[in-house]
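Below: one structure, written as structure tokens.
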Amino acid sequence: TWTAAVVLLLLWLVYQLRVTLFVFAVALLFAYLLSPLVNLLDRAIPRKGTRTLALALAYVIFIGAVVLIGIQVGTRVVSQAQTLAVKLPDMMAKLEQPSEIAPEGLNSLKAQLIAGLRKDWDQRSSDIMRALPAAGLQFLSVASNLIYVVIVPVLAFFFLKDGDIIRSHMLEMLDAGPLRGVVESVMSDIHHLLAHYMRALVLLSLATFTSYSIAFTIMGVPFGVLLAVVAMALEFIPMIGPLTAVAVILLVTLISGAHFWTVVIFLVAWRMFTDYFLSVRLMGQGVQLHPLLVLLGVFGGAEVAGVAGSFLSVPALAMARILYV
């Protein structure tokens with residue numbers, strides 16, 4: 001009875017600390033993101049018994065790269081987003097006009113689809129306007145969460161600096177024997193899994209941004225950089241994110257009157273290349289999860305914890321598999 005009570009108390013405590021635990025999980029993944037750069041600098045700099053100098057240089061390089069990319073790409077993204085917001089009503093009105101070469105049934109179907117989209121947009125816009133007063137009252141609560149933007153890099157710094165020490169202390173809590181060997185093996189497998197997974201996600205997102213930017217520029221697709229950034233960000237959410245990006249790109253392309261079928265062919269070819277070659281090569285045998293199980297985890301994670309649950313679902317399932325094995 002006491003054991004059951006303690007387990008239930010621990011589960012309740014985990015639920016109460018879910019936001020804090022998510023922040024620590026994000027910080028841990030961020031540490032794995034910077035780990036290759038830190039290891040490279042640590043090997044290049046003469047050792048003095050600490051990795052602090054390598055960590056500081058890695059943070060300077062990372063922040064400088066983010067600022068530089070933000071200046072070069074962010075200004076174009078903001079400009080294209082503002083242009084899209086201004087031109088959207090005119091593009092919708094132009095799209096509503098019936099085509100002279102299309103059959104009457106197709107024009108009718110298109111009109112019904114656009115009317116449904118417009119009605120849904122108007123409804124959501126009115127919901128947003130009604131929610132603005134309540135959102136204004138909660139501004140301070142939301143603003144207080146911005147501190148996590150600072151906390152995550154700080155936590156990641158300590159993970160990178162003292163990760164080996166933390167691991168050693170955790171193993172010292174166990175007596176030497178088979179159990180300690182099993183725990184050490186599990187920790188080693190999880191370490192390689194997270195490092196492999198984050199490296200694969202970053203490479204996939206960068207490949208998506210580069211390919212989409214080049215292809216949309218060549219095809220003359222409006223708002224190409226904006227769409228490429230959206231696709232890059234959604235690439236971090238397994239399966240659901242890339243499909244959502246494809247839907248958004250096709251919708252914007254259809255409304256803007258760009259080369260719709262050319263974009264469709266490119267997206268189909270890129271997703272086939274990514275899903276059946278690039279993703280397999282990058283992920284390799286690190287995750288070892290069937291696509292159906294990944295879909296179950298993504299949908300279940302979204303239902304339990306929203307975007308955060310979807311983002312953490314695949315590494316959580318992979319770690320559960322390691323523990324089972």
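In the structure tokens, each chain is lettered A, B, ... as it comes, each chain's residues begin at 1, and ligands are numbered from 1 in order of appearance.
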
### Query
Hey, what's within 9 Å of Ala195 of chain A if we count only C-alpha atoms and toss same-chain stuff fewer than 6 positions away? As a PyMOL selection string, please?
chain A and resi 29+32-33+35-36

Dump C-alpha atoms for the selected residues as an mmCIF file, in the first residue's frame?
data_model
loop_
_atom_site.group_PDB
_atom_site.id
_atom_site.type_symbol
_atom_site.label_atom_id
_atom_site.label_comp_id
_atom_site.auth_asym_id
_atom_site.auth_seq_id
_atom_site.Cartn_x
_atom_site.Cartn_y
_atom_site.Cartn_z
ATOM 1 C CA LEU A 29 18.020 18.492 -26.518
ATOM 2 C CA TYR A 32 22.825 17.758 -27.750
ATOM 3 C CA LEU A 33 22.382 20.238 -30.604
ATOM 4 C CA SER A 35 27.472 19.151 -28.435
ATOM 5 C CA PRO A 36 29.285 18.480 -31.778
#

### Message
Need to verify the contact set: segment 65-73 of chain A, 8 Å, only C-alpha atoms, exclusion of same-chain residues closer than 4 positions in sequence. Can you return it as a count of residues only?
### Response
3

### Message
I want to know what sits within 12 Å of Leu250 of chain A, based on only C-alpha atoms, with residues of the same chain fewer than 5 positions away left out; could you give that as a list in words?
### Response
Val221, Pro222, Gly224, Leu227, Ala231, Leu243, Thr244, Ala245, Ile255, Ser256, Gly257, Ala258, His259, Phe260, Trp261, Thr262, Val263, Val264, Ile265, Phe266, Leu267 and Val268 of chain A

Save out the residues we just selected, C-alpha atoms, as a PDB file, in the first residue's frame.
ATOM      1  CA  VAL A 221       6.777  31.170 -56.308  1.00  0.00           C
ATOM      2  CA  PRO A 222       5.660  34.231 -54.308  1.00  0.00           C
ATOM      3  CA  GLY A 224       9.198  31.572 -51.233  1.00  0.00           C
ATOM      4  CA  LEU A 227       7.204  29.248 -47.011  1.00  0.00           C
ATOM      5  CA  ALA A 231       8.585  24.216 -43.679  1.00  0.00           C
ATOM      6  CA  LEU A 243       2.438  17.326 -44.046  1.00  0.00           C
ATOM      7  CA  THR A 244       1.151  20.559 -42.523  1.00  0.00           C
ATOM      8  CA  ALA A 245       3.894  22.499 -44.321  1.00  0.00           C
ATOM      9  CA  ILE A 255      -4.362  31.436 -53.832  1.00  0.00           C
ATOM     10  CA  SER A 256      -1.433  33.386 -55.305  1.00  0.00           C
ATOM     11  CA  GLY A 257      -1.965  31.888 -58.753  1.00  0.00           C
ATOM     12  CA  ALA A 258       1.621  30.587 -59.043  1.00  0.00           C
ATOM     13  CA  HIS A 259       2.758  27.445 -60.865  1.00  0.00           C
ATOM     14  CA  PHE A 260       0.545  25.162 -58.798  1.00  0.00           C
ATOM     15  CA  TRP A 261       1.140  21.844 -60.547  1.00  0.00           C
ATOM     16  CA  THR A 262       4.880  22.469 -60.790  1.00  0.00           C
ATOM     17  CA  VAL A 263       4.957  23.017 -57.028  1.00  0.00           C
ATOM     18  CA  VAL A 264       2.899  19.839 -56.501  1.00  0.00           C
ATOM     19  CA  ILE A 265       5.363  17.780 -58.552  1.00  0.00           C
ATOM     20  CA  PHE A 266       8.317  19.249 -56.672  1.00  0.00           C
ATOM     21  CA  LEU A 267       6.748  18.634 -53.243  1.00  0.00           C
ATOM     22  CA  VAL A 268       5.861  15.028 -54.085  1.00  0.00           C
TER      23      VAL A 268
END

Hey, what's within 12 Å of Leu295 of chain A if we count only C-alpha atoms and toss same-chain stuff fewer than 2 positions away? As a PDB file with all heavy atoms, in the first residue's frame, please?
ATOM      1  N   ILE A 237       8.605  18.633 -36.072  1.00  0.00           N
ATOM      2  CA  ILE A 237       7.487  17.823 -35.590  1.00  0.00           C
ATOM      3  C   ILE A 237       7.350  16.635 -36.528  1.00  0.00           C
ATOM      4  O   ILE A 237       6.989  16.816 -37.694  1.00  0.00           O
ATOM      5  CB  ILE A 237       6.177  18.633 -35.552  1.00  0.00           C
ATOM      6  CG1 ILE A 237       6.359  19.875 -34.664  1.00  0.00           C
ATOM      7  CG2 ILE A 237       5.030  17.776 -35.023  1.00  0.00           C
ATOM      8  CD1 ILE A 237       5.150  20.764 -34.625  1.00  0.00           C
ATOM      9  N   PRO A 238       7.651  15.432 -36.098  1.00  0.00           N
ATOM     10  CA  PRO A 238       7.703  14.285 -37.014  1.00  0.00           C
ATOM     11  C   PRO A 238       6.382  14.059 -37.736  1.00  0.00           C
ATOM     12  O   PRO A 238       5.307  14.118 -37.148  1.00  0.00           O
ATOM     13  CB  PRO A 238       8.039  13.105 -36.087  1.00  0.00           C
ATOM     14  CG  PRO A 238       8.658  13.735 -34.882  1.00  0.00           C
ATOM     15  CD  PRO A 238       7.992  15.066 -34.721  1.00  0.00           C
ATOM     16  N   MET A 239       6.479  13.818 -39.028  1.00  0.00           N
ATOM     17  CA  MET A 239       5.380  13.416 -39.905  1.00  0.00           C
ATOM     18  C   MET A 239       4.292  14.471 -40.021  1.00  0.00           C
ATOM     19  O   MET A 239       3.964  14.929 -41.117  1.00  0.00           O
ATOM     20  CB  MET A 239       4.782  12.075 -39.463  1.00  0.00           C
ATOM     21  CG  MET A 239       5.713  10.909 -39.679  1.00  0.00           C
ATOM     22  SD  MET A 239       4.878   9.312 -39.574  1.00  0.00           S
ATOM     23  CE  MET A 239       6.219   8.229 -40.049  1.00  0.00           C
ATOM     24  N   ILE A 240       3.685  14.850 -38.909  1.00  0.00           N
ATOM     25  CA  ILE A 240       2.597  15.820 -38.956  1.00  0.00           C
ATOM     26  C   ILE A 240       3.101  17.181 -39.439  1.00  0.00           C
ATOM     27  O   ILE A 240       2.431  17.860 -40.222  1.00  0.00           O
ATOM     28  CB  ILE A 240       1.933  15.949 -37.577  1.00  0.00           C
ATOM     29  CG1 ILE A 240       1.452  14.584 -37.095  1.00  0.00           C
ATOM     30  CG2 ILE A 240       0.773  16.927 -37.627  1.00  0.00           C
ATOM     31  CD1 ILE A 240       0.438  13.935 -37.992  1.00  0.00           C
ATOM     32  N   GLY A 241       4.288  17.580 -38.984  1.00  0.00           N
ATOM     33  CA  GLY A 241       4.835  18.872 -39.370  1.00  0.00           C
ATOM     34  C   GLY A 241       5.067  19.013 -40.858  1.00  0.00           C
ATOM     35  O   GLY A 241       4.596  19.974 -41.480  1.00  0.00           O
ATOM     36  N   LEU A 289      12.030   2.777 -34.964  1.00  0.00           N
ATOM     37  CA  LEU A 289      10.605   2.748 -34.686  1.00  0.00           C
ATOM     38  C   LEU A 289       9.849   2.619 -36.003  1.00  0.00           C
ATOM     39  O   LEU A 289      10.196   3.268 -36.993  1.00  0.00           O
ATOM     40  CB  LEU A 289      10.161   4.032 -33.967  1.00  0.00           C
ATOM     41  CG  LEU A 289      10.700   4.258 -32.555  1.00  0.00           C
ATOM     42  CD1 LEU A 289      10.257   5.615 -32.039  1.00  0.00           C
ATOM     43  CD2 LEU A 289      10.235   3.163 -31.608  1.00  0.00           C
ATOM     44  N   HIS A 290       8.827   1.792 -36.011  1.00  0.00           N
ATOM     45  CA  HIS A 290       7.999   1.638 -37.201  1.00  0.00           C
ATOM     46  C   HIS A 290       7.205   2.931 -37.431  1.00  0.00           C
ATOM     47  O   HIS A 290       6.785   3.589 -36.473  1.00  0.00           O
ATOM     48  CB  HIS A 290       7.037   0.458 -37.022  1.00  0.00           C
ATOM     49  CG  HIS A 290       6.373   0.039 -38.290  1.00  0.00           C
ATOM     50  ND1 HIS A 290       5.220   0.650 -38.766  1.00  0.00           N
ATOM     51  CD2 HIS A 290       6.700  -0.920 -39.204  1.00  0.00           C
ATOM     52  CE1 HIS A 290       4.866   0.074 -39.902  1.00  0.00           C
ATOM     53  NE2 HIS A 290       5.744  -0.874 -40.182  1.00  0.00           N
ATOM     54  N   PRO A 291       6.993   3.315 -38.700  1.00  0.00           N
ATOM     55  CA  PRO A 291       6.228   4.548 -38.971  1.00  0.00           C
ATOM     56  C   PRO A 291       4.849   4.586 -38.316  1.00  0.00           C
ATOM     57  O   PRO A 291       4.392   5.653 -37.887  1.00  0.00           O
ATOM     58  CB  PRO A 291       6.117   4.558 -40.500  1.00  0.00           C
ATOM     59  CG  PRO A 291       7.318   3.800 -40.964  1.00  0.00           C
ATOM     60  CD  PRO A 291       7.563   2.736 -39.931  1.00  0.00           C
ATOM     61  N   LEU A 292       4.173   3.439 -38.206  1.00  0.00           N
ATOM     62  CA  LEU A 292       2.868   3.421 -37.543  1.00  0.00           C
ATOM     63  C   LEU A 292       2.997   3.784 -36.063  1.00  0.00           C
ATOM     64  O   LEU A 292       2.153   4.501 -35.514  1.00  0.00           O
ATOM     65  CB  LEU A 292       2.221   2.038 -37.691  1.00  0.00           C
ATOM     66  CG  LEU A 292       1.648   1.709 -39.068  1.00  0.00           C
ATOM     67  CD1 LEU A 292       1.122   0.280 -39.075  1.00  0.00           C
ATOM     68  CD2 LEU A 292       0.529   2.689 -39.428  1.00  0.00           C
ATOM     69  N   LEU A 293       4.063   3.298 -35.427  1.00  0.00           N
ATOM     70  CA  LEU A 293       4.285   3.627 -34.022  1.00  0.00           C
ATOM     71  C   LEU A 293       4.640   5.106 -33.859  1.00  0.00           C
ATOM     72  O   LEU A 293       4.223   5.749 -32.895  1.00  0.00           O
ATOM     73  CB  LEU A 293       5.406   2.750 -33.459  1.00  0.00           C
ATOM     74  CG  LEU A 293       5.645   2.838 -31.949  1.00  0.00           C
ATOM     75  CD1 LEU A 293       4.379   2.462 -31.185  1.00  0.00           C
ATOM     76  CD2 LEU A 293       6.793   1.934 -31.541  1.00  0.00           C
ATOM     77  N   GLY A 297       2.549   7.784 -31.716  1.00  0.00           N
ATOM     78  CA  GLY A 297       3.168   8.640 -30.719  1.00  0.00           C
ATOM     79  C   GLY A 297       2.920  10.117 -30.977  1.00  0.00           C
ATOM     80  O   GLY A 297       2.655  10.886 -30.048  1.00  0.00           O
ATOM     81  N   VAL A 298       2.986  10.519 -32.253  1.00  0.00           N
ATOM     82  CA  VAL A 298       2.786  11.929 -32.592  1.00  0.00           C
ATOM     83  C   VAL A 298       1.357  12.364 -32.277  1.00  0.00           C
ATOM     84  O   VAL A 298       1.122  13.403 -31.643  1.00  0.00           O
ATOM     85  CB  VAL A 298       3.125  12.177 -34.073  1.00  0.00           C
ATOM     86  CG1 VAL A 298       2.694  13.581 -34.494  1.00  0.00           C
ATOM     87  CG2 VAL A 298       4.614  12.002 -34.306  1.00  0.00           C
ATOM     88  N   PHE A 299       0.370  11.566 -32.711  1.00  0.00           N
ATOM     89  CA  PHE A 299      -1.026  11.912 -32.443  1.00  0.00           C
ATOM     90  C   PHE A 299      -1.332  11.842 -30.940  1.00  0.00           C
ATOM     91  O   PHE A 299      -2.020  12.712 -30.396  1.00  0.00           O
ATOM     92  CB  PHE A 299      -1.964  10.976 -33.211  1.00  0.00           C
ATOM     93  CG  PHE A 299      -2.101  11.340 -34.659  1.00  0.00           C
ATOM     94  CD1 PHE A 299      -1.639  10.482 -35.643  1.00  0.00           C
ATOM     95  CD2 PHE A 299      -2.685  12.534 -35.044  1.00  0.00           C
ATOM     96  CE1 PHE A 299      -1.758  10.804 -36.985  1.00  0.00           C
ATOM     97  CE2 PHE A 299      -2.815  12.868 -36.387  1.00  0.00           C
ATOM     98  CZ  PHE A 299      -2.343  11.999 -37.362  1.00  0.00           C
ATOM     99  N   GLY A 300      -0.818  10.798 -30.287  1.00  0.00           N
ATOM    100  CA  GLY A 300      -1.049  10.687 -28.846  1.00  0.00           C
ATOM    101  C   GLY A 300      -0.376  11.807 -28.071  1.00  0.00           C
ATOM    102  O   GLY A 300      -0.963  12.365 -27.143  1.00  0.00           O
ATOM    103  N   GLY A 301       0.855  12.157 -28.464  1.00  0.00           N
ATOM    104  CA  GLY A 301       1.540  13.258 -27.799  1.00  0.00           C
ATOM    105  C   GLY A 301       0.823  14.581 -27.993  1.00  0.00           C
ATOM    106  O   GLY A 301       0.731  15.392 -27.061  1.00  0.00           O
ATOM    107  N   ALA A 302       0.294  14.799 -29.213  1.00  0.00           N
ATOM    108  CA  ALA A 302      -0.452  16.035 -29.459  1.00  0.00           C
ATOM    109  C   ALA A 302      -1.722  16.084 -28.631  1.00  0.00           C
ATOM    110  O   ALA A 302      -2.116  17.145 -28.135  1.00  0.00           O
ATOM    111  CB  ALA A 302      -0.785  16.146 -30.947  1.00  0.00           C
ATOM    112  N   SER A 310       3.913  16.322 -29.258  1.00  0.00           N
ATOM    113  CA  SER A 310       4.300  15.826 -30.583  1.00  0.00           C
ATOM    114  C   SER A 310       5.804  15.877 -30.770  1.00  0.00           C
ATOM    115  O   SER A 310       6.419  14.965 -31.328  1.00  0.00           O
ATOM    116  CB  SER A 310       3.612  16.647 -31.679  1.00  0.00           C
ATOM    117  OG  SER A 310       2.208  16.510 -31.600  1.00  0.00           O
ATOM    118  N   PHE A 311       6.419  16.967 -30.295  1.00  0.00           N
ATOM    119  CA  PHE A 311       7.858  17.137 -30.460  1.00  0.00           C
ATOM    120  C   PHE A 311       8.649  16.083 -29.680  1.00  0.00           C
ATOM    121  O   PHE A 311       9.653  15.555 -30.158  1.00  0.00           O
ATOM    122  CB  PHE A 311       8.253  18.545 -30.007  1.00  0.00           C
ATOM    123  CG  PHE A 311       9.725  18.794 -30.006  1.00  0.00           C
ATOM    124  CD1 PHE A 311      10.447  18.802 -31.187  1.00  0.00           C
ATOM    125  CD2 PHE A 311      10.403  19.013 -28.824  1.00  0.00           C
ATOM    126  CE1 PHE A 311      11.817  19.030 -31.190  1.00  0.00           C
ATOM    127  CE2 PHE A 311      11.771  19.245 -28.809  1.00  0.00           C
ATOM    128  CZ  PHE A 311      12.475  19.250 -30.003  1.00  0.00           C
ATOM    129  N   SER A 313       7.480  13.120 -28.623  1.00  0.00           N
ATOM    130  CA  SER A 313       6.913  11.771 -28.704  1.00  0.00           C
ATOM    131  C   SER A 313       7.911  10.758 -29.252  1.00  0.00           C
ATOM    132  O   SER A 313       8.048   9.654 -28.700  1.00  0.00           O
ATOM    133  CB  SER A 313       5.652  11.792 -29.578  1.00  0.00           C
ATOM    134  OG  SER A 313       5.962  12.223 -30.898  1.00  0.00           O
ATOM    135  N   VAL A 314       8.608  11.105 -30.329  1.00  0.00           N
ATOM    136  CA  VAL A 314       9.517  10.134 -30.950  1.00  0.00           C
ATOM    137  C   VAL A 314      10.692   9.790 -30.029  1.00  0.00           C
ATOM    138  O   VAL A 314      10.972   8.595 -29.815  1.00  0.00           O
ATOM    139  CB  VAL A 314      10.009  10.658 -32.315  1.00  0.00           C
ATOM    140  CG1 VAL A 314      11.076   9.734 -32.889  1.00  0.00           C
ATOM    141  CG2 VAL A 314       8.844  10.753 -33.289  1.00  0.00           C
ATOM    142  N   LEU A 317       9.332   7.557 -27.201  1.00  0.00           N
ATOM    143  CA  LEU A 317       9.078   6.178 -27.621  1.00  0.00           C
ATOM    144  C   LEU A 317      10.384   5.418 -27.834  1.00  0.00           C
ATOM    145  O   LEU A 317      10.487   4.235 -27.483  1.00  0.00           O
ATOM    146  CB  LEU A 317       8.249   6.171 -28.903  1.00  0.00           C
ATOM    147  CG  LEU A 317       6.768   6.521 -28.766  1.00  0.00           C
ATOM    148  CD1 LEU A 317       6.113   6.620 -30.133  1.00  0.00           C
ATOM    149  CD2 LEU A 317       6.051   5.485 -27.918  1.00  0.00           C
TER     150      LEU A 317
END

### Query
Which is closer to Arg321 of chain A than all the others in A:Val186, A:Val246, A:Ile45, A:Leu201, using only C-alpha atoms?
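Among the listed residues, A:Val186 lies closest to Arg321 of chain A.
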
#### Entry: Contact residues around Ala156 of chain A with only C-alpha atoms at 10 Å, ignoring same-chain residues under 6 positions, as an NGL selection string
:A and (24-35 or 162-163)

Could you write those residues out with C-alpha atoms, as a JSON list (two decimals), in the first residue's frame?
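Saved the output as selection-v1.json:
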[["chain", "number", "residue", "atom", "x", "y", "z"],
["A", 24, "PHE", "CA", 14.67, 20.73, -18.83],
["A", 25, "ALA", "CA", 13.95, 18.31, -21.70],
["A", 26, "VAL", "CA", 14.24, 21.11, -24.26],
["A", 27, "ALA", "CA", 17.47, 22.28, -22.61],
["A", 28, "LEU", "CA", 18.86, 18.75, -22.80],
["A", 29, "LEU", "CA", 18.02, 18.49, -26.52],
["A", 30, "PHE", "CA", 19.53, 21.94, -27.07],
["A", 31, "ALA", "CA", 22.69, 20.71, -25.36],
["A", 32, "TYR", "CA", 22.83, 17.76, -27.75],
["A", 33, "LEU", "CA", 22.38, 20.24, -30.60],
["A", 34, "LEU", "CA", 25.49, 22.18, -29.55],
["A", 35, "SER", "CA", 27.47, 19.15, -28.43],
["A", 162, "ASP", "CA", 28.93, 18.80, -16.11],
["A", 163, "GLY", "CA", 27.18, 16.05, -18.07]]

### Task
Give the alpha helix (DSSP H) residues of segment 136-264 of chain A, as DSSP finds them on the backbone, and put them as a ChimeraX atom specification.
/A:136-137,139-144,148-172,178-219,224-234,240-256,260-264

### Residue among A:Tyr276, A:Trp270, A:Tyr324, A:Phe223 lying closest to Val252 of chain A, counting only C-alpha atoms
A:Phe223

### Query
To one decimal place, how far is atom CA of Asp189 of chain A from atom CA of Ile166 of chain A in Å?
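Interatomic distance, atom CA of Asp189 of chain A to atom CA of Ile166 of chain A: 16.3 Å.
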